[in-house]
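Engineer: One file is attached below, target_1.pdb, containing PDB, C-alpha atoms, pLDDT in the B column.
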ATOM      1  CA  MET A  16      33.720 139.237 166.023  1.00 91.00           C
ATOM      2  CA  PRO A  17      36.914 138.952 168.100  1.00 96.00           C
ATOM      3  CA  ARG A  18      38.080 135.580 169.375  1.00 98.00           C
ATOM      4  CA  TYR A  19      39.797 135.146 172.723  1.00 98.00           C
ATOM      5  CA  LEU A  20      42.142 132.658 174.378  1.00 98.00           C
ATOM      6  CA  SER A  21      42.400 131.789 178.020  1.00 98.00           C
ATOM      7  CA  ILE A  22      46.020 131.134 179.016  1.00 98.00           C
ATOM      8  CA  THR A  23      46.564 129.510 182.404  1.00 98.00           C
ATOM      9  CA  LEU A  24      49.402 128.500 184.683  1.00 98.00           C
ATOM     10  CA  GLU A  25      47.466 125.548 186.068  1.00 98.00           C
ATOM     11  CA  LYS A  26      49.251 124.830 189.364  1.00 97.00           C
ATOM     12  CA  ARG A  27      49.489 128.514 190.278  1.00 98.00           C
ATOM     13  CA  GLY A  28      45.820 129.071 189.368  1.00 98.00           C
ATOM     14  CA  VAL A  29      46.557 132.213 187.352  1.00 98.00           C
ATOM     15  CA  SER A  30      44.963 133.013 183.989  1.00 98.00           C
ATOM     16  CA  CYS A  31      44.923 135.810 181.471  1.00 98.00           C
ATOM     17  CA  VAL A  32      42.841 136.527 178.388  1.00 98.00           C
ATOM     18  CA  ALA A  33      44.342 137.193 174.957  1.00 98.00           C
ATOM     19  CA  GLU A  34      42.627 138.484 171.829  1.00 98.00           C
ATOM     20  CA  LEU A  35      43.507 136.731 168.588  1.00 98.00           C
ATOM     21  CA  LEU A  36      45.012 139.024 165.935  1.00 98.00           C
ATOM     22  CA  ASP A  37      42.991 137.562 163.069  1.00 98.00           C
ATOM     23  CA  LYS A  38      43.758 140.473 160.718  1.00 98.00           C
ATOM     24  CA  ASP A  39      47.526 140.331 161.273  1.00 98.00           C
ATOM     25  CA  ALA A  40      48.096 136.565 161.475  1.00 98.00           C
ATOM     26  CA  PRO A  41      44.991 134.829 160.075  1.00 98.00           C
ATOM     27  CA  LEU A  42      46.616 131.479 159.233  1.00 98.00           C
ATOM     28  CA  THR A  43      48.355 131.187 162.602  1.00 98.00           C
ATOM     29  CA  CYS A  44      45.210 132.212 164.494  1.00 98.00           C
ATOM     30  CA  GLU A  45      43.109 129.635 162.678  1.00 98.00           C
ATOM     31  CA  ALA A  46      45.682 126.850 163.152  1.00 98.00           C
ATOM     32  CA  VAL A  47      45.893 127.510 166.884  1.00 98.00           C
ATOM     33  CA  TRP A  48      42.132 128.001 167.313  1.00 98.00           C
ATOM     34  CA  GLN A  49      41.320 124.694 165.598  1.00 98.00           C
ATOM     35  CA  ALA A  50      43.889 122.844 167.742  1.00 98.00           C
ATOM     36  CA  LEU A  51      42.705 124.102 171.138  1.00 98.00           C
ATOM     37  CA  PRO A  52      43.031 123.135 173.883  1.00 98.00           C
ATOM     38  CA  GLN A  53      46.822 122.831 173.991  1.00 98.00           C
ATOM     39  CA  ALA A  54      48.847 122.248 177.149  1.00 97.00           C
ATOM     40  CA  GLY A  55      52.174 121.043 178.375  1.00 94.00           C
ATOM     41  CA  PRO A  56      54.917 121.569 180.919  1.00 94.00           C
ATOM     42  CA  VAL A  57      55.869 125.223 181.251  1.00 96.00           C
ATOM     43  CA  HIS A  58      59.427 126.408 180.714  1.00 93.00           C
ATOM     44  CA  HIS A  59      60.992 129.795 181.311  1.00 96.00           C
ATOM     45  CA  ALA A  60      63.229 131.206 178.591  1.00 92.00           C
ATOM     46  CA  LYS A  61      66.976 131.214 179.064  1.00 85.00           C
ATOM     47  CA  TYR A  62      67.909 133.645 176.296  1.00 82.00           C
ATOM     48  CA  ALA A  63      64.806 135.572 175.239  1.00 87.00           C
ATOM     49  CA  ARG A  64      64.352 136.969 178.748  1.00 93.00           C
ATOM     50  CA  ASN A  65      60.741 137.501 179.922  1.00 97.00           C
ATOM     51  CA  GLU A  66      59.066 134.517 178.296  1.00 98.00           C
ATOM     52  CA  ILE A  67      57.300 131.360 179.355  1.00 98.00           C
ATOM     53  CA  TYR A  68      56.362 128.666 176.881  1.00 96.00           C
ATOM     54  CA  THR A  69      55.312 125.101 176.304  1.00 95.00           C
ATOM     55  CA  MET A  70      56.239 122.840 173.429  1.00 89.00           C
ATOM     56  CA  VAL A  71      53.591 120.655 171.830  1.00 91.00           C
ATOM     57  CA  PRO A  72      53.522 118.301 168.841  1.00 87.00           C
ATOM     58  CA  ARG A  73      52.809 119.933 165.486  1.00 89.00           C
ATOM     59  CA  PHE A  74      49.063 120.314 165.043  1.00 93.00           C
ATOM     60  CA  ALA A  75      48.446 122.222 161.799  1.00 93.00           C
ATOM     61  CA  ALA A  76      47.711 120.274 158.619  1.00 89.00           C
ATOM     62  CA  GLU A  77      49.841 122.907 156.900  1.00 91.00           C
ATOM     63  CA  GLU A  78      52.239 125.217 158.740  1.00 92.00           C
ATOM     64  CA  PRO A  79      51.126 128.859 158.506  1.00 96.00           C
ATOM     65  CA  GLY A  80      54.596 130.195 157.692  1.00 94.00           C
ATOM     66  CA  GLN A  81      55.669 133.625 158.859  1.00 96.00           C
ATOM     67  CA  GLU A  82      52.901 136.068 159.719  1.00 98.00           C
ATOM     68  CA  ASN A  83      53.256 139.200 161.806  1.00 98.00           C
ATOM     69  CA  PRO A  84      56.799 138.120 162.763  1.00 98.00           C
ATOM     70  CA  THR A  85      58.934 139.674 165.466  1.00 98.00           C
ATOM     71  CA  VAL A  86      62.323 139.219 167.088  1.00 97.00           C
ATOM     72  CA  THR A  87      61.548 141.879 169.724  1.00 97.00           C
ATOM     73  CA  PRO A  88      58.296 140.822 171.424  1.00 98.00           C
ATOM     74  CA  ILE A  89      56.682 143.206 173.886  1.00 98.00           C
ATOM     75  CA  PRO A  90      54.769 142.500 177.111  1.00 98.00           C
ATOM     76  CA  GLY A  91      51.485 140.788 176.300  1.00 98.00           C
ATOM     77  CA  ASP A  92      52.598 139.273 172.994  1.00 98.00           C
ATOM     78  CA  VAL A  93      51.431 135.690 172.437  1.00 98.00           C
ATOM     79  CA  VAL A  94      53.804 134.067 169.958  1.00 98.00           C
ATOM     80  CA  TYR A  95      53.873 130.900 167.824  1.00 98.00           C
ATOM     81  CA  PHE A  96      57.150 129.276 166.820  1.00 96.00           C
ATOM     82  CA  SER A  97      57.526 126.235 164.585  1.00 92.00           C
ATOM     83  CA  PHE A  98      60.769 124.301 164.979  1.00 84.00           C
ATOM     84  CA  HIS A  99      61.757 121.399 162.755  1.00 75.00           C
ATOM     85  CA  GLY A 100      63.551 118.598 164.561  1.00 66.00           C
ATOM     86  CA  GLY A 101      67.003 119.483 163.262  1.00 58.00           C
ATOM     87  CA  MET A 102      66.854 123.020 164.633  1.00 61.00           C
ATOM     88  CA  LEU A 103      66.874 121.911 168.271  1.00 63.00           C
ATOM     89  CA  ASP A 104      69.945 120.300 169.809  1.00 62.00           C
ATOM     90  CA  ARG A 105      69.816 116.795 171.254  1.00 67.00           C
ATOM     91  CA  GLU A 106      70.221 117.778 174.916  1.00 70.00           C
ATOM     92  CA  PHE A 107      67.442 120.370 174.676  1.00 64.00           C
ATOM     93  CA  LYS A 108      65.089 117.858 173.042  1.00 65.00           C
ATOM     94  CA  GLU A 109      65.878 115.229 175.687  1.00 74.00           C
ATOM     95  CA  GLU A 110      65.458 117.738 178.529  1.00 72.00           C
ATOM     96  CA  LYS A 111      62.018 118.763 177.224  1.00 66.00           C
ATOM     97  CA  ASN A 112      61.083 115.135 176.382  1.00 67.00           C
ATOM     98  CA  ILE A 113      60.453 116.005 172.735  1.00 66.00           C
ATOM     99  CA  HIS A 114      63.395 114.051 171.296  1.00 66.00           C
ATOM    100  CA  GLU A 115      61.192 111.629 169.336  1.00 70.00           C
ATOM    101  CA  LEU A 116      59.138 114.301 167.562  1.00 62.00           C
ATOM    102  CA  PRO A 117      60.032 115.427 164.001  1.00 71.00           C
ATOM    103  CA  GLY A 118      59.372 119.006 165.033  1.00 76.00           C
ATOM    104  CA  VAL A 119      57.475 120.983 167.632  1.00 85.00           C
ATOM    105  CA  ILE A 120      55.320 124.042 168.104  1.00 92.00           C
ATOM    106  CA  ASP A 121      56.416 126.460 170.805  1.00 94.00           C
ATOM    107  CA  LEU A 122      53.506 128.445 172.254  1.00 98.00           C
ATOM    108  CA  ALA A 123      54.873 131.388 174.222  1.00 98.00           C
ATOM    109  CA  ILE A 124      53.808 134.473 176.093  1.00 98.00           C
ATOM    110  CA  PHE A 125      55.995 137.467 176.859  1.00 98.00           C
ATOM    111  CA  TYR A 126      55.368 139.243 180.126  1.00 98.00           C
ATOM    112  CA  GLY A 127      58.050 141.907 180.411  1.00 97.00           C
ATOM    113  CA  ARG A 128      60.169 144.298 178.373  1.00 95.00           C
ATOM    114  CA  ASN A 129      63.536 144.066 176.613  1.00 94.00           C
ATOM    115  CA  ASN A 130      63.111 140.671 174.941  1.00 94.00           C
ATOM    116  CA  LEU A 131      65.327 139.659 172.055  1.00 94.00           C
ATOM    117  CA  LEU A 132      64.817 136.463 170.069  1.00 95.00           C
ATOM    118  CA  LEU A 133      68.467 135.729 169.369  1.00 91.00           C
ATOM    119  CA  ASN A 134      69.752 132.224 170.056  1.00 83.00           C
ATOM    120  CA  GLY A 135      73.482 131.617 170.227  1.00 78.00           C
ATOM    121  CA  ASP A 136      73.160 128.302 168.359  1.00 77.00           C
ATOM    122  CA  VAL A 137      70.957 129.313 165.448  1.00 80.00           C
ATOM    123  CA  GLY A 138      70.805 133.131 165.333  1.00 87.00           C
ATOM    124  CA  TRP A 139      67.608 135.130 164.990  1.00 92.00           C
ATOM    125  CA  VAL A 140      64.428 133.221 165.833  1.00 92.00           C
ATOM    126  CA  PRO A 141      61.393 135.166 164.562  1.00 96.00           C
ATOM    127  CA  GLY A 142      58.012 134.143 165.892  1.00 97.00           C
ATOM    128  CA  ASN A 143      54.455 134.895 164.779  1.00 98.00           C
ATOM    129  CA  VAL A 144      52.621 137.291 167.085  1.00 98.00           C
ATOM    130  CA  TYR A 145      49.090 135.928 166.808  1.00 98.00           C
ATOM    131  CA  ALA A 146      47.433 137.302 169.959  1.00 98.00           C
ATOM    132  CA  THR A 147      47.819 139.984 172.600  1.00 98.00           C
ATOM    133  CA  ILE A 148      46.954 139.737 176.276  1.00 98.00           C
ATOM    134  CA  VAL A 149      44.059 142.093 177.003  1.00 98.00           C
ATOM    135  CA  ASP A 150      43.199 141.110 180.581  1.00 98.00           C
ATOM    136  CA  GLY A 151      45.274 139.804 183.477  1.00 98.00           C
ATOM    137  CA  LEU A 152      48.796 140.599 182.246  1.00 98.00           C
ATOM    138  CA  ASP A 153      49.878 141.987 185.655  1.00 98.00           C
ATOM    139  CA  ARG A 154      48.799 138.845 187.531  1.00 98.00           C
ATOM    140  CA  MET A 155      50.265 136.597 184.855  1.00 98.00           C
ATOM    141  CA  ALA A 156      53.568 138.528 184.878  1.00 98.00           C
ATOM    142  CA  GLU A 157      53.877 137.963 188.634  1.00 98.00           C
ATOM    143  CA  ALA A 158      53.212 134.253 188.163  1.00 98.00           C
ATOM    144  CA  CYS A 159      55.685 134.056 185.254  1.00 98.00           C
ATOM    145  CA  ASN A 160      58.340 135.709 187.384  1.00 97.00           C
ATOM    146  CA  ASP A 161      57.597 133.124 190.061  1.00 97.00           C
ATOM    147  CA  VAL A 162      58.219 130.384 187.469  1.00 97.00           C
ATOM    148  CA  TRP A 163      61.631 132.006 186.913  1.00 96.00           C
ATOM    149  CA  ARG A 164      62.436 132.388 190.622  1.00 96.00           C
ATOM    150  CA  SER A 165      60.764 129.316 192.158  1.00 96.00           C
ATOM    151  CA  GLY A 166      60.880 126.870 189.269  1.00 94.00           C
ATOM    152  CA  SER A 167      58.623 125.256 186.742  1.00 94.00           C
ATOM    153  CA  VAL A 168      58.531 121.681 188.058  1.00 95.00           C
ATOM    154  CA  GLY A 169      54.966 120.375 188.072  1.00 95.00           C
ATOM    155  CA  GLU A 170      53.536 123.475 186.379  1.00 97.00           C
ATOM    156  CA  ARG A 171      51.562 123.326 183.126  1.00 97.00           C
ATOM    157  CA  LEU A 172      50.770 126.077 180.642  1.00 98.00           C
ATOM    158  CA  VAL A 173      47.263 125.667 179.202  1.00 98.00           C
ATOM    159  CA  TYR A 174      45.796 127.407 176.151  1.00 98.00           C
ATOM    160  CA  ASP A 175      42.053 127.164 175.560  1.00 98.00           C
ATOM    161  CA  ARG A 176      39.159 129.025 173.984  1.00 98.00           C
ATOM    162  CA  HIS A 177      37.859 131.768 176.250  1.00 97.00           C
ATOM    163  CA  ALA A 178      34.113 131.570 176.624  1.00 85.00           C
ATOM    164  CA  GLY A 179      33.538 134.912 178.324  1.00 70.00           C
TER     165      GLY A 179
END
Now, as a test, write the supplied structure out as structure tokens.
Structural biologist:
Amino acid sequence: MPRYLSITLEKRGVSCVAELLDKDAPLTCEAVWQALPQAGPVHHAKYARNEIYTMVPRFAAEEPGQENPTVTPIPGDVVYFSFHGGMLDREFKEEKNIHELPGVIDLAIFYGRNNLLLNGDVGWVPGNVYATIVDGLDRMAEACNDVWRSGSVGERLVYDRHAG
């Protein structure tokens, strides 16, 4: 039986529904599912292009490793990144208020085309595609673009189990 996430931009009141890709990324899906709900301040990507994300403390007892990885996410991809503390530079960690954590999990959604996960500091940054947005991508894409244009201050990105 499929499992679904509800992903919400809280302040904007916009949500979408994503189906977990249990067959393609079973360890990542289970780690995320068991840790729900997850939420934090939303950020818009600087390099990857059409991406919003939040960074949360590590939550898996054991990291899932790479599953269903990509460096070219498409619209609707829901992606999990695990960053150890040394991979992120000091200013970035301070800006995101994660400077005291040994590592973080980046929970991201991609809402448009032509994304490339290439960071000038560290090179290619593959992420695990563990879900795909199946309802509400158009509304969410508009809201994500508004995060880019109007700003992310005061906005939270919330991941939870979808009951419907």
Engineer: Under the PyMOL selection byres ((chain A and resi 144) around 7), which residues of this model are included? Write them out as a PDB file with C-alpha atoms, keeping the file's coordinate frame.
Structural biologist:
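For reference, out-v8.pdb as written:
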ATOM      1  CA  ASN A  83      53.256 139.200 161.806  1.00 98.00           C
ATOM      2  CA  PRO A  84      56.799 138.120 162.763  1.00 98.00           C
ATOM      3  CA  THR A  85      58.934 139.674 165.466  1.00 98.00           C
ATOM      4  CA  ASP A  92      52.598 139.273 172.994  1.00 98.00           C
ATOM      5  CA  VAL A  93      51.431 135.690 172.437  1.00 98.00           C
ATOM      6  CA  VAL A  94      53.804 134.067 169.958  1.00 98.00           C
ATOM      7  CA  TYR A  95      53.873 130.900 167.824  1.00 98.00           C
ATOM      8  CA  GLY A 142      58.012 134.143 165.892  1.00 97.00           C
ATOM      9  CA  ASN A 143      54.455 134.895 164.779  1.00 98.00           C
ATOM     10  CA  TYR A 145      49.090 135.928 166.808  1.00 98.00           C
ATOM     11  CA  ALA A 146      47.433 137.302 169.959  1.00 98.00           C
TER      12      ALA A 146
END
Engineer: Between CA of Thr43 (chain A) and CA of Gln81 (chain A), what is the spacing in Å?
Structural biologist: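 Separation between CA of Gln81 (chain A) and CA of Thr43 (chain A): 8.6 Å.
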Engineer: Which residue is closest to Val149 (chain A)? Choose from A:Leu51, A:Val57, A:Pro90, A:Val29 and count only C-alpha atoms.
Structural biologist: A:Pro90
Engineer: Which residue gives the smallest distance to Arg27 (chain A) among A:Leu133, A:Val173, A:Ala158, A:Leu122, with all atoms listed in the file counted?
Structural biologist: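 The answer is A:Ala158, which sits nearest to Arg27 (chain A).
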Engineer: Just the number, please: distance in Å from CA of Arg64 (chain A) to CA of Asn129 (chain A), one decimal.
Structural biologist: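 CA of Asn129 (chain A) lies 7.5 Å from CA of Arg64 (chain A).
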Engineer: Nearest residue to Tyr126 (chain A) out of A:Pro141, A:Pro72, A:Gly151, A:Gly80, using all atoms listed in the file?
Structural biologist: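 Closest residue, counting all atoms listed in the file: A:Gly151.
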Engineer: Mind listing as a list in words all residues within 12 Å of (57.9, 120.6, 188.7), counting only C-alpha atoms?
Structural biologist: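 Looking at atoms near the point gives Glu25, Lys26, Arg27, Gly55, Pro56, Val57, His58, Val162, Ser165, Gly166, Ser167, Val168, Gly169, Glu170 and Arg171 of chain A.
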Engineer: Go ahead and write the residues just picked, C-alpha atoms, as a PDB file, in the coordinates of the input.
Structural biologist:
ATOM      1  CA  GLU A  25      47.466 125.548 186.068  1.00 98.00           C
ATOM      2  CA  LYS A  26      49.251 124.830 189.364  1.00 97.00           C
ATOM      3  CA  ARG A  27      49.489 128.514 190.278  1.00 98.00           C
ATOM      4  CA  GLY A  55      52.174 121.043 178.375  1.00 94.00           C
ATOM      5  CA  PRO A  56      54.917 121.569 180.919  1.00 94.00           C
ATOM      6  CA  VAL A  57      55.869 125.223 181.251  1.00 96.00           C
ATOM      7  CA  HIS A  58      59.427 126.408 180.714  1.00 93.00           C
ATOM      8  CA  VAL A 162      58.219 130.384 187.469  1.00 97.00           C
ATOM      9  CA  SER A 165      60.764 129.316 192.158  1.00 96.00           C
ATOM     10  CA  GLY A 166      60.880 126.870 189.269  1.00 94.00           C
ATOM     11  CA  SER A 167      58.623 125.256 186.742  1.00 94.00           C
ATOM     12  CA  VAL A 168      58.531 121.681 188.058  1.00 95.00           C
ATOM     13  CA  GLY A 169      54.966 120.375 188.072  1.00 95.00           C
ATOM     14  CA  GLU A 170      53.536 123.475 186.379  1.00 97.00           C
ATOM     15  CA  ARG A 171      51.562 123.326 183.126  1.00 97.00           C
TER      16      ARG A 171
END
Engineer: Calculate how many Å separate CA of Gly135 (chain A) from CA of Phe96 (chain A), rounding to one decimal.
Structural biologist: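 Separation of CA of Gly135 (chain A) and CA of Phe96 (chain A): 16.8 Å.
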Engineer: I'd like the contact shell of Asp175 (chain A) - 7 Å cut-off, only C-alpha atoms, skipping same-chain residues fewer than 4 positions apart - returned as number ranges by chain.
Structural biologist: A: 20-22, 51-53
Engineer: For C-alpha atoms, I'd like the residues from the last selection saved as a PDB file, keeping the file's coordinate frame.
Structural biologist:
ATOM      1  CA  LEU A  20      42.142 132.658 174.378  1.00 98.00           C
ATOM      2  CA  SER A  21      42.400 131.789 178.020  1.00 98.00           C
ATOM      3  CA  ILE A  22      46.020 131.134 179.016  1.00 98.00           C
ATOM      4  CA  LEU A  51      42.705 124.102 171.138  1.00 98.00           C
ATOM      5  CA  PRO A  52      43.031 123.135 173.883  1.00 98.00           C
ATOM      6  CA  GLN A  53      46.822 122.831 173.991  1.00 98.00           C
TER       7      GLN A  53
END
Engineer: Taking only C-alpha atoms into account, name the residue in A:Ala76, A:Ala50, A:Cys31, A:Cys44 that is nearest to Glu157 (chain A).
Structural biologist: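 Of A:Ala76, A:Ala50, A:Cys31, A:Cys44, the one nearest Glu157 (chain A), counting only C-alpha atoms, is A:Cys31.
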Engineer: Starting from the PyMOL selection byres ((chain A and resi 62) around 9), expand the selection into actual residues of this file and give them as a ChimeraX atom specification.
Structural biologist: /A:60-61,63-65,130-135
Engineer: May I ask which of the residues A:Thr147, A:Ser97, A:Thr69, A:Gln49 is the closest one to Leu172 (chain A), counting all atoms listed in the file?
Structural biologist: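 When distances to Leu172 (chain A) are compared using all atoms listed in the file, the smallest one comes from A:Thr69.
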Engineer: List every protein, DNA or RNA residue that has an atom no more than 10 Å from (53.7, 116.4, 168.6) in the file's coordinate frame, counting all atoms listed in the file, and report them as a ChimeraX atom specification.
Structural biologist: /A:70-74,113,115-120
Engineer: Residues within 9 Å of Asp150 (chain A), please, as a list of chain:residue names. Count only C-alpha atoms; anything in the same chain fewer than 2 positions from it doesn't count.
Structural biologist: A:Ser30, A:Cys31, A:Val32, A:Ala33, A:Ile148, A:Leu152, A:Asp153
Engineer: Can you work out which one of A:Asp161, A:Val86, A:Asp121, A:Thr23 has the shortest atom-to-atom distance to His99 (chain A), counting all atoms listed in the file?
Structural biologist: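 Closest residue, counting all atoms listed in the file: A:Asp121.
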